[in-house]
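input-v2.cif follows; it contains mmCIF, C-alpha atoms.
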data_data
loop_
_atom_site.label_atom_id
_atom_site.label_comp_id
_atom_site.auth_asym_id
_atom_site.auth_seq_id
_atom_site.Cartn_x
_atom_site.Cartn_y
_atom_site.Cartn_z
CA MET A 1 23.41 31.39 18.77
CA LYS A 2 21.21 31.54 21.87
CA VAL A 3 23.08 32.09 25.15
CA VAL A 4 22.15 29.33 27.59
CA TYR A 5 24.39 30.34 30.48
CA GLU A 6 26.85 33.12 31.21
CA LYS A 7 28.70 34.37 34.25
CA THR A 8 26.88 36.99 36.26
CA SER A 9 28.02 40.57 35.69
CA ALA A 10 28.25 40.98 39.47
CA LEU A 11 31.53 39.04 39.45
CA THR A 12 34.79 40.30 38.00
CA ASP A 13 37.11 38.38 35.67
CA GLN A 14 39.67 37.94 38.47
CA THR A 15 40.77 34.33 38.96
CA LEU A 16 39.48 33.05 42.28
CA SER A 17 42.12 32.37 44.93
CA TYR A 18 40.26 29.51 46.59
CA CYS A 19 41.49 25.92 46.75
CA PRO A 20 40.25 23.46 44.10
CA GLY A 21 36.87 22.02 45.03
CA CYS A 22 36.04 24.75 47.53
CA THR A 23 32.44 25.97 47.40
CA HIS A 24 33.19 29.66 47.95
CA GLY A 25 33.00 30.20 44.19
CA VAL A 26 29.54 28.65 44.02
CA ILE A 27 28.30 30.89 46.83
CA HIS A 28 29.85 33.98 45.22
CA LYS A 29 27.89 33.16 42.07
CA LEU A 30 24.63 32.91 43.99
CA ILE A 31 25.19 36.29 45.62
CA GLY A 32 26.14 37.87 42.30
CA GLU A 33 23.10 36.49 40.48
CA THR A 34 20.86 37.76 43.26
CA LEU A 35 22.25 41.29 43.14
CA VAL A 36 21.73 41.41 39.37
CA GLU A 37 18.20 40.01 39.58
CA LEU A 38 17.25 42.60 42.22
CA ASP A 39 18.92 45.36 40.14
CA VAL A 40 20.90 46.70 43.10
CA LEU A 41 24.50 46.41 41.87
CA GLY A 42 24.92 50.18 41.72
CA ARG A 43 24.04 50.66 45.38
CA THR A 44 25.61 47.56 46.92
CA VAL A 45 28.60 47.60 49.26
CA GLY A 46 30.17 44.33 50.37
CA ILE A 47 32.37 43.75 53.41
CA ALA A 48 35.39 41.50 52.92
CA PRO A 49 36.49 39.60 56.06
CA VAL A 50 39.72 38.10 57.30
CA GLY A 51 39.88 34.47 56.24
CA CYS A 52 39.79 32.51 53.00
CA SER A 53 37.63 35.23 51.42
CA VAL A 54 39.90 38.07 52.51
CA LEU A 55 40.34 38.94 48.81
CA ALA A 56 36.60 39.05 48.11
CA TYR A 57 36.96 42.68 47.05
CA ASN A 58 38.73 41.38 43.93
CA PHE A 59 35.85 39.10 42.97
CA PHE A 60 32.64 41.11 43.38
CA ASN A 61 31.85 43.83 40.86
CA VAL A 62 30.49 46.15 43.56
CA ASP A 63 32.02 48.59 46.02
CA MET A 64 33.83 46.69 48.76
CA VAL A 65 35.31 47.54 52.16
CA GLN A 66 37.91 45.48 54.01
CA ALA A 67 37.03 44.92 57.67
CA PRO A 68 39.38 43.93 60.50
CA HIS A 69 39.03 40.36 61.71
CA GLY A 70 35.51 39.75 63.00
CA ARG A 71 34.38 43.35 62.67
CA GLY A 72 32.32 42.95 59.51
CA PRO A 73 28.94 43.56 61.20
CA ALA A 74 30.29 46.71 62.87
CA VAL A 75 31.59 48.06 59.56
CA ALA A 76 28.31 47.09 57.88
CA THR A 77 26.39 48.93 60.61
CA GLY A 78 28.25 52.15 59.87
CA LEU A 79 27.69 51.79 56.15
CA ALA A 80 23.99 50.97 56.50
CA ARG A 81 23.38 53.95 58.74
CA SER A 82 25.31 56.39 56.56
CA LEU A 83 23.89 54.97 53.30
CA PRO A 84 20.23 54.30 54.11
CA ASP A 85 19.47 53.41 50.48
CA GLY A 86 22.50 51.14 50.23
CA VAL A 87 22.46 47.36 50.05
CA ILE A 88 25.06 46.22 52.56
CA PHE A 89 26.32 42.68 53.04
CA THR A 90 29.15 40.90 54.82
CA TYR A 91 30.74 37.66 53.69
CA GLN A 92 32.26 35.85 56.68
CA GLY A 93 33.59 32.48 57.72
CA ASP A 94 33.01 30.72 61.02
CA GLY A 95 36.26 31.88 62.61
CA ASP A 96 35.64 35.47 61.57
CA LEU A 97 31.97 35.57 62.58
CA ALA A 98 31.54 33.03 65.36
CA ALA A 99 34.85 33.47 67.21
CA ILE A 100 36.51 36.89 67.22
CA GLY A 101 33.39 38.51 65.73
CA THR A 102 30.76 37.01 68.05
CA ALA A 103 30.04 40.25 69.90
CA GLU A 104 29.72 42.31 66.71
CA THR A 105 27.40 39.72 65.18
CA VAL A 106 25.14 39.31 68.21
CA HIS A 107 24.76 43.01 68.91
CA ALA A 108 24.19 43.99 65.27
CA ALA A 109 21.46 41.35 65.24
CA ALA A 110 20.00 42.54 68.54
CA ARG A 111 19.85 46.10 67.22
CA GLY A 112 18.12 44.92 64.05
CA GLU A 113 20.65 46.57 61.76
CA ASN A 114 19.44 46.55 58.16
CA ILE A 115 22.25 44.37 56.78
CA VAL A 116 22.72 40.93 55.22
CA ILE A 117 25.29 38.49 56.55
CA ILE A 118 26.39 35.56 54.42
CA PHE A 119 27.97 33.16 56.90
CA ILE A 120 30.14 30.31 55.58
CA ASN A 121 30.36 27.36 57.96
CA ASN A 122 32.92 24.71 57.06
CA ALA A 123 33.51 23.71 60.71
CA ILE A 124 37.16 24.78 60.83
CA TYR A 125 39.50 27.72 60.41
CA GLY A 126 40.34 27.55 56.71
CA MET A 127 42.95 30.13 55.75
CA THR A 128 45.21 29.53 58.76
CA GLY A 129 45.54 25.79 58.35
CA GLY A 130 42.49 23.94 59.59
CA GLN A 131 42.42 24.54 63.32
CA MET A 132 39.38 23.84 65.51
CA ALA A 133 36.74 26.56 65.21
CA PRO A 134 33.65 27.45 67.25
CA THR A 135 31.66 25.37 64.74
CA THR A 136 33.91 22.26 64.88
CA MET A 137 31.67 19.36 65.87
CA PRO A 138 32.18 17.03 68.84
CA GLY A 139 34.71 14.37 67.93
CA GLN A 140 35.77 16.16 64.72
CA MET A 141 39.50 15.97 64.07
CA THR A 142 41.34 19.17 63.13
CA GLN A 143 44.94 20.39 63.28
CA THR A 144 44.44 21.45 66.90
CA SER A 145 42.10 18.60 67.88
CA PRO A 146 43.89 15.60 66.35
CA TYR A 147 41.95 13.18 68.57
CA GLY A 148 38.65 14.92 67.91
CA ARG A 149 36.97 17.84 69.63
CA ASP A 150 36.63 17.01 73.33
CA THR A 151 33.62 18.85 74.72
CA ALA A 152 34.92 18.40 78.26
CA THR A 153 37.77 20.79 77.54
CA ALA A 154 36.78 22.65 74.35
CA GLY A 155 33.08 23.02 75.01
CA TYR A 156 30.32 22.62 72.45
CA PRO A 157 29.93 24.16 68.98
CA VAL A 158 28.00 27.38 68.45
CA ARG A 159 24.84 26.99 66.39
CA VAL A 160 24.64 30.50 65.00
CA CYS A 161 21.20 30.50 63.35
CA GLU A 162 19.53 28.97 66.39
CA MET A 163 21.18 31.52 68.67
CA LEU A 164 20.40 34.58 66.55
CA ALA A 165 16.82 33.50 65.91
CA THR A 166 16.07 34.21 69.57
CA LEU A 167 16.82 37.93 69.13
CA ASP A 168 13.98 40.35 68.39
CA GLY A 169 16.06 42.38 65.93
CA VAL A 170 16.56 39.47 63.54
CA ALA A 171 14.20 39.53 60.57
CA TYR A 172 15.46 36.39 58.86
CA ALA A 173 17.78 33.47 59.65
CA GLU A 174 18.16 30.38 57.48
CA ARG A 175 20.71 27.60 57.19
CA VAL A 176 21.37 26.09 53.78
CA ALA A 177 24.07 23.92 52.22
CA ALA A 178 26.19 23.93 49.07
CA ASN A 179 26.44 20.16 48.68
CA THR A 180 23.86 19.21 46.03
CA VAL A 181 22.13 20.91 43.14
CA PRO A 182 18.74 21.04 44.93
CA ASN A 183 20.38 22.46 48.06
CA ILE A 184 22.32 25.02 46.03
CA ARG A 185 19.03 26.15 44.51
CA ARG A 186 17.57 26.48 48.00
CA ALA A 187 20.65 28.45 49.02
CA LYS A 188 20.04 30.84 46.14
CA ALA A 189 16.44 31.34 47.25
CA ALA A 190 17.54 32.02 50.82
CA ILE A 191 20.16 34.54 49.74
CA LYS A 192 17.61 36.30 47.56
CA ARG A 193 15.13 36.35 50.43
CA ALA A 194 17.73 37.97 52.69
CA PHE A 195 18.52 40.71 50.18
CA GLU A 196 14.84 41.31 49.51
CA ASN A 197 14.41 41.86 53.23
CA GLN A 198 17.17 44.42 53.23
CA VAL A 199 15.79 46.31 50.24
CA ALA A 200 12.45 46.40 52.07
CA ARG A 201 14.27 47.60 55.25
CA ARG A 202 13.01 44.76 57.42
CA GLY A 203 16.15 44.51 59.54
CA PHE A 204 18.93 41.98 60.12
CA SER A 205 19.14 38.90 57.87
CA ILE A 206 21.63 36.04 57.99
CA VAL A 207 22.08 33.07 55.68
CA GLU A 208 24.36 30.35 57.00
CA VAL A 209 25.81 28.14 54.27
CA LEU A 210 27.32 24.77 55.15
CA ALA A 211 30.38 24.49 52.92
CA ILE A 212 33.27 22.12 52.27
CA CYS A 213 37.01 22.55 52.74
CA PRO A 214 38.69 19.63 50.94
CA THR A 215 42.22 20.90 51.59
CA ASN A 216 41.99 21.21 55.36
CA TRP A 217 39.63 18.28 55.77
CA GLY A 218 42.19 16.14 53.93
CA MET A 219 39.61 14.78 51.51
CA THR A 220 38.76 14.91 47.84
CA PRO A 221 35.99 17.34 46.89
CA ILE A 222 33.61 14.41 46.29
CA ASP A 223 34.40 12.85 49.66
CA SER A 224 34.04 16.27 51.28
CA ILE A 225 30.52 16.65 49.92
CA SER A 226 29.63 13.22 51.27
CA TRP A 227 31.13 14.10 54.67
CA LEU A 228 29.13 17.34 54.84
CA THR A 229 25.95 15.46 53.97
CA GLU A 230 26.54 12.64 56.46
CA HIS A 231 27.99 14.59 59.40
CA MET A 232 27.37 18.33 59.20
CA ILE A 233 23.72 18.44 58.16
CA PRO A 234 22.55 16.14 60.98
CA TYR A 235 24.35 18.35 63.51
CA TYR A 236 23.43 21.63 61.80
CA PRO A 237 19.91 21.02 60.45
CA LEU A 238 18.92 22.98 57.37
CA GLY A 239 15.91 25.24 57.37
CA VAL A 240 14.40 28.61 58.19
CA TYR A 241 14.97 29.47 61.83
CA LYS A 242 13.25 32.82 61.69
CA ASP A 243 11.34 34.77 59.06
CA LYS A 244 9.60 37.61 60.83
CA HIS A 245 7.92 38.93 57.69
CA ALA A 246 6.52 35.52 56.77
CA GLU A 247 5.25 35.08 60.33
CA ASN A 248 3.58 38.48 60.23
CA THR A 249 1.81 37.64 56.98
CA GLY A 250 0.73 34.17 58.01
CA GLY A 251 3.60 32.45 56.18
CA GLY A 252 6.13 29.87 57.29
CA GLY A 253 8.72 30.06 60.03
CA VAL A 254 11.04 27.50 61.55
#

Could you write out this structure as structure tokens?
Amino acid sequence: MKVVYEKTSALTDQTLSYCPGCTHGVIHKLIGETLVELDVLGRTVGIAPVGCSVLAYNFFNVDMVQAPHGRGPAVATGLARSLPDGVIFTYQGDGDLAAIGTAETVHAAARGENIVIIFINNAIYGMTGGQMAPTTMPGQMTQTSPYGRDTATAGYPVRVCEMLATLDGVAYAERVAANTVPNIRRAKAAIKRAFENQVARRGFSIVEVLAICPTNWGMTPIDSISWLTEHMIPYYPLGVYKDKHAENTGGGGV
């Protein structure tokens, strides 16, 4: 019988530890398919963060390193410099990357380190109970902003792709979403583009994926997808914020 679909060999048989309805599993699949399609499994090293995906080393069928909270880009820098033929990626949430890891992220990008960052933005801290994060939107209710984020006291969210796109060392920055089949396909294309850049040694690439967290949002998975579509995408517009290679060859851009 003809095989129509099978799980990518880049993922192990370990049962995922994520909450029901969470889109981490979808994004893992996209990364795994990309690594297989580019035939780089044997030279890939992933960086597991602190957060919901802290156990990512159990799920990817590649070499993995566990990084301290927020230090994924620093660990990836060391690996990329010591393994120049390696394919190095981090998988980080918004608390890990945009809060405690802001400095590591910004300076790795400014240096143009040849790494890929997969950045999961669900607008809250997930693993620790749903507190307000740097990406929590104005007025959004969380465990630590029960009346909604007040910008007068908590400031404004960090738009990571827009910020990093201003840095000369960044080769590629795109924001995608895991809320619909067409958007998931676009997310796959963006992830593949980022890894292609790394294989070609073009510098720092980041793909930001807007994702859902039904458990901490207090919604069903279906309602969470609708909430992401109606609230997150207008505040965090999807698209390519920088593609240095495409610009140099007369291609697209923001």

Set out as JSON lines a contact list for stretch 41-152 of chain A and stretch 204-208 of chain A with a cut-off of 7 Å, giving each residue of stretch 41-152 of chain A that qualifies its closest atom pair and distance in Å to one decimal, counting all atoms listed in the file, ordered by chain and rising residue number.
{"residue": "A:Ala109", "atom": "CA", "partner": "A:Phe204", "partner_atom": "CA", "distance": 5.7}
{"residue": "A:Gly112", "atom": "CA", "partner": "A:Phe204", "partner_atom": "CA", "distance": 5.0}
{"residue": "A:Glu113", "atom": "CA", "partner": "A:Phe204", "partner_atom": "CA", "distance": 5.2}
{"residue": "A:Asn114", "atom": "CA", "partner": "A:Phe204", "partner_atom": "CA", "distance": 5.0}
{"residue": "A:Ile115", "atom": "CA", "partner": "A:Phe204", "partner_atom": "CA", "distance": 5.3}
{"residue": "A:Val116", "atom": "CA", "partner": "A:Ser205", "partner_atom": "CA", "distance": 4.9}
{"residue": "A:Ile117", "atom": "CA", "partner": "A:Ile206", "partner_atom": "CA", "distance": 4.6}
{"residue": "A:Ile118", "atom": "CA", "partner": "A:Val207", "partner_atom": "CA", "distance": 5.1}
{"residue": "A:Phe119", "atom": "CA", "partner": "A:Glu208", "partner_atom": "CA", "distance": 4.6}
{"residue": "A:Ile120", "atom": "CA", "partner": "A:Glu208", "partner_atom": "CA", "distance": 6.0}
{"residue": "A:Asn121", "atom": "CA", "partner": "A:Glu208", "partner_atom": "CA", "distance": 6.8}

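Applied to the shown file, the PyMOL selection byres ((chain A and resi 140-157) around 8) selects the residues A:Ile124, A:Gly129, A:Gly130, A:Gln131, A:Met132, A:Pro134, A:Thr135, A:Thr136, A:Met137, A:Pro138, A:Gly139, A:Val158, A:Arg159, A:Trp217.
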
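With all atoms listed in the file as the atoms that count, the residue of A:Tyr172, A:Arg111, A:Val54, A:Gly70 with the shortest distance to A:Lys192 is A:Tyr172.
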
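In this model, the gap between atom CA of A:Thr215 and atom CA of A:Ala56 comes to 19.3 Å.
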
Between atom CA of A:Ile212 and atom CA of A:Ala10, what is the distance, to one decimal in Å? 23.3 Å

Excluding A:Thr105 and any residue of its chain fewer than 3 positions from it, enumerate the residues within 10 Å of it, using all atoms listed in the file, and give them as a ChimeraX atom specification. /A:70-74,96-102,108-110,117,160,164,206

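Among A:Ala190, A:Val40, A:Cys22, A:Phe59, the residue with the shortest atom-to-atom distance to A:Met219, counting all atoms listed in the file, is A:Cys22.
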
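Counting from atom CA of A:Arg201, the distance to atom CA of A:His107 is 17.8 Å.
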
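Between A:Asn197 and the candidates A:Ala76, A:Val240, A:Val170, A:Val26, the tightest atom-to-atom separation, counting all atoms listed in the file, involves A:Val170.
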
Atoms are missing here; could stretch 94-120 of chain A be completed with N, CA and C atoms and written as a PDB file, in the frame of the given file?
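In the end it all went to part-v6.pdb:
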ATOM      1  N   ASP A  94      33.384  31.011  59.642  1.00  0.00           N
ATOM      2  CA  ASP A  94      33.010  30.720  61.020  1.00  0.00           C
ATOM      3  C   ASP A  94      34.014  31.269  62.026  1.00  0.00           C
ATOM      4  N   GLY A  95      35.291  31.283  61.690  1.00  0.00           N
ATOM      5  CA  GLY A  95      36.260  31.880  62.610  1.00  0.00           C
ATOM      6  C   GLY A  95      36.065  33.378  62.722  1.00  0.00           C
ATOM      7  N   ASP A  96      35.829  34.022  61.589  1.00  0.00           N
ATOM      8  CA  ASP A  96      35.640  35.470  61.570  1.00  0.00           C
ATOM      9  C   ASP A  96      34.363  35.869  62.289  1.00  0.00           C
ATOM     10  N   LEU A  97      33.273  35.162  62.034  1.00  0.00           N
ATOM     11  CA  LEU A  97      31.970  35.570  62.580  1.00  0.00           C
ATOM     12  C   LEU A  97      31.700  34.983  63.953  1.00  0.00           C
ATOM     13  N   ALA A  98      31.981  33.712  64.147  1.00  0.00           N
ATOM     14  CA  ALA A  98      31.540  33.030  65.360  1.00  0.00           C
ATOM     15  C   ALA A  98      32.599  32.963  66.450  1.00  0.00           C
ATOM     16  N   ALA A  99      33.806  33.466  66.185  1.00  0.00           N
ATOM     17  CA  ALA A  99      34.850  33.470  67.210  1.00  0.00           C
ATOM     18  C   ALA A  99      35.177  34.916  67.576  1.00  0.00           C
ATOM     19  N   ILE A 100      36.106  35.530  66.870  1.00  0.00           N
ATOM     20  CA  ILE A 100      36.510  36.890  67.220  1.00  0.00           C
ATOM     21  C   ILE A 100      35.387  37.899  66.954  1.00  0.00           C
ATOM     22  N   GLY A 101      34.451  37.569  66.059  1.00  0.00           N
ATOM     23  CA  GLY A 101      33.390  38.510  65.730  1.00  0.00           C
ATOM     24  C   GLY A 101      32.052  38.224  66.398  1.00  0.00           C
ATOM     25  N   THR A 102      32.039  37.372  67.420  1.00  0.00           N
ATOM     26  CA  THR A 102      30.760  37.010  68.050  1.00  0.00           C
ATOM     27  C   THR A 102      30.013  38.227  68.566  1.00  0.00           C
ATOM     28  N   ALA A 103      30.711  39.093  69.287  1.00  0.00           N
ATOM     29  CA  ALA A 103      30.040  40.250  69.900  1.00  0.00           C
ATOM     30  C   ALA A 103      29.447  41.166  68.836  1.00  0.00           C
ATOM     31  N   GLU A 104      30.220  41.447  67.778  1.00  0.00           N
ATOM     32  CA  GLU A 104      29.720  42.310  66.710  1.00  0.00           C
ATOM     33  C   GLU A 104      28.486  41.705  66.044  1.00  0.00           C
ATOM     34  N   THR A 105      28.526  40.396  65.829  1.00  0.00           N
ATOM     35  CA  THR A 105      27.400  39.720  65.180  1.00  0.00           C
ATOM     36  C   THR A 105      26.150  39.774  66.053  1.00  0.00           C
ATOM     37  N   VAL A 106      26.295  39.385  67.306  1.00  0.00           N
ATOM     38  CA  VAL A 106      25.140  39.310  68.210  1.00  0.00           C
ATOM     39  C   VAL A 106      24.513  40.685  68.409  1.00  0.00           C
ATOM     40  N   HIS A 107      25.326  41.705  68.604  1.00  0.00           N
ATOM     41  CA  HIS A 107      24.760  43.010  68.910  1.00  0.00           C
ATOM     42  C   HIS A 107      24.197  43.713  67.676  1.00  0.00           C
ATOM     43  N   ALA A 108      24.804  43.475  66.500  1.00  0.00           N
ATOM     44  CA  ALA A 108      24.190  43.990  65.270  1.00  0.00           C
ATOM     45  C   ALA A 108      22.827  43.346  65.054  1.00  0.00           C
ATOM     46  N   ALA A 109      22.733  42.053  65.366  1.00  0.00           N
ATOM     47  CA  ALA A 109      21.460  41.350  65.240  1.00  0.00           C
ATOM     48  C   ALA A 109      20.450  41.863  66.260  1.00  0.00           C
ATOM     49  N   ALA A 110      20.901  42.063  67.491  1.00  0.00           N
ATOM     50  CA  ALA A 110      20.000  42.540  68.540  1.00  0.00           C
ATOM     51  C   ALA A 110      19.465  43.933  68.232  1.00  0.00           C
ATOM     52  N   ARG A 111      20.290  44.750  67.585  1.00  0.00           N
ATOM     53  CA  ARG A 111      19.850  46.100  67.220  1.00  0.00           C
ATOM     54  C   ARG A 111      18.954  46.094  65.985  1.00  0.00           C
ATOM     55  N   GLY A 112      18.918  44.984  65.272  1.00  0.00           N
ATOM     56  CA  GLY A 112      18.120  44.920  64.050  1.00  0.00           C
ATOM     57  C   GLY A 112      18.684  45.745  62.924  1.00  0.00           C
ATOM     58  N   GLU A 113      20.027  45.788  62.834  1.00  0.00           N
ATOM     59  CA  GLU A 113      20.650  46.570  61.760  1.00  0.00           C
ATOM     60  C   GLU A 113      20.195  46.033  60.406  1.00  0.00           C
ATOM     61  N   ASN A 114      19.961  46.933  59.476  1.00  0.00           N
ATOM     62  CA  ASN A 114      19.440  46.550  58.160  1.00  0.00           C
ATOM     63  C   ASN A 114      20.597  46.111  57.249  1.00  0.00           C
ATOM     64  N   ILE A 115      21.131  44.927  57.538  1.00  0.00           N
ATOM     65  CA  ILE A 115      22.250  44.370  56.780  1.00  0.00           C
ATOM     66  C   ILE A 115      21.987  42.902  56.484  1.00  0.00           C
ATOM     67  N   VAL A 116      22.747  42.363  55.532  1.00  0.00           N
ATOM     68  CA  VAL A 116      22.720  40.930  55.220  1.00  0.00           C
ATOM     69  C   VAL A 116      24.068  40.337  55.573  1.00  0.00           C
ATOM     70  N   ILE A 117      24.055  39.223  56.271  1.00  0.00           N
ATOM     71  CA  ILE A 117      25.290  38.490  56.550  1.00  0.00           C
ATOM     72  C   ILE A 117      25.217  37.143  55.847  1.00  0.00           C
ATOM     73  N   ILE A 118      26.217  36.872  55.024  1.00  0.00           N
ATOM     74  CA  ILE A 118      26.390  35.560  54.420  1.00  0.00           C
ATOM     75  C   ILE A 118      27.484  34.856  55.215  1.00  0.00           C
ATOM     76  N   PHE A 119      27.091  33.824  55.931  1.00  0.00           N
ATOM     77  CA  PHE A 119      27.970  33.160  56.900  1.00  0.00           C
ATOM     78  C   PHE A 119      28.354  31.780  56.372  1.00  0.00           C
ATOM     79  N   ILE A 120      29.651  31.561  56.125  1.00  0.00           N
ATOM     80  CA  ILE A 120      30.140  30.310  55.580  1.00  0.00           C
ATOM     81  C   ILE A 120      30.650  29.422  56.710  1.00  0.00           C
TER      82      ILE A 120
END
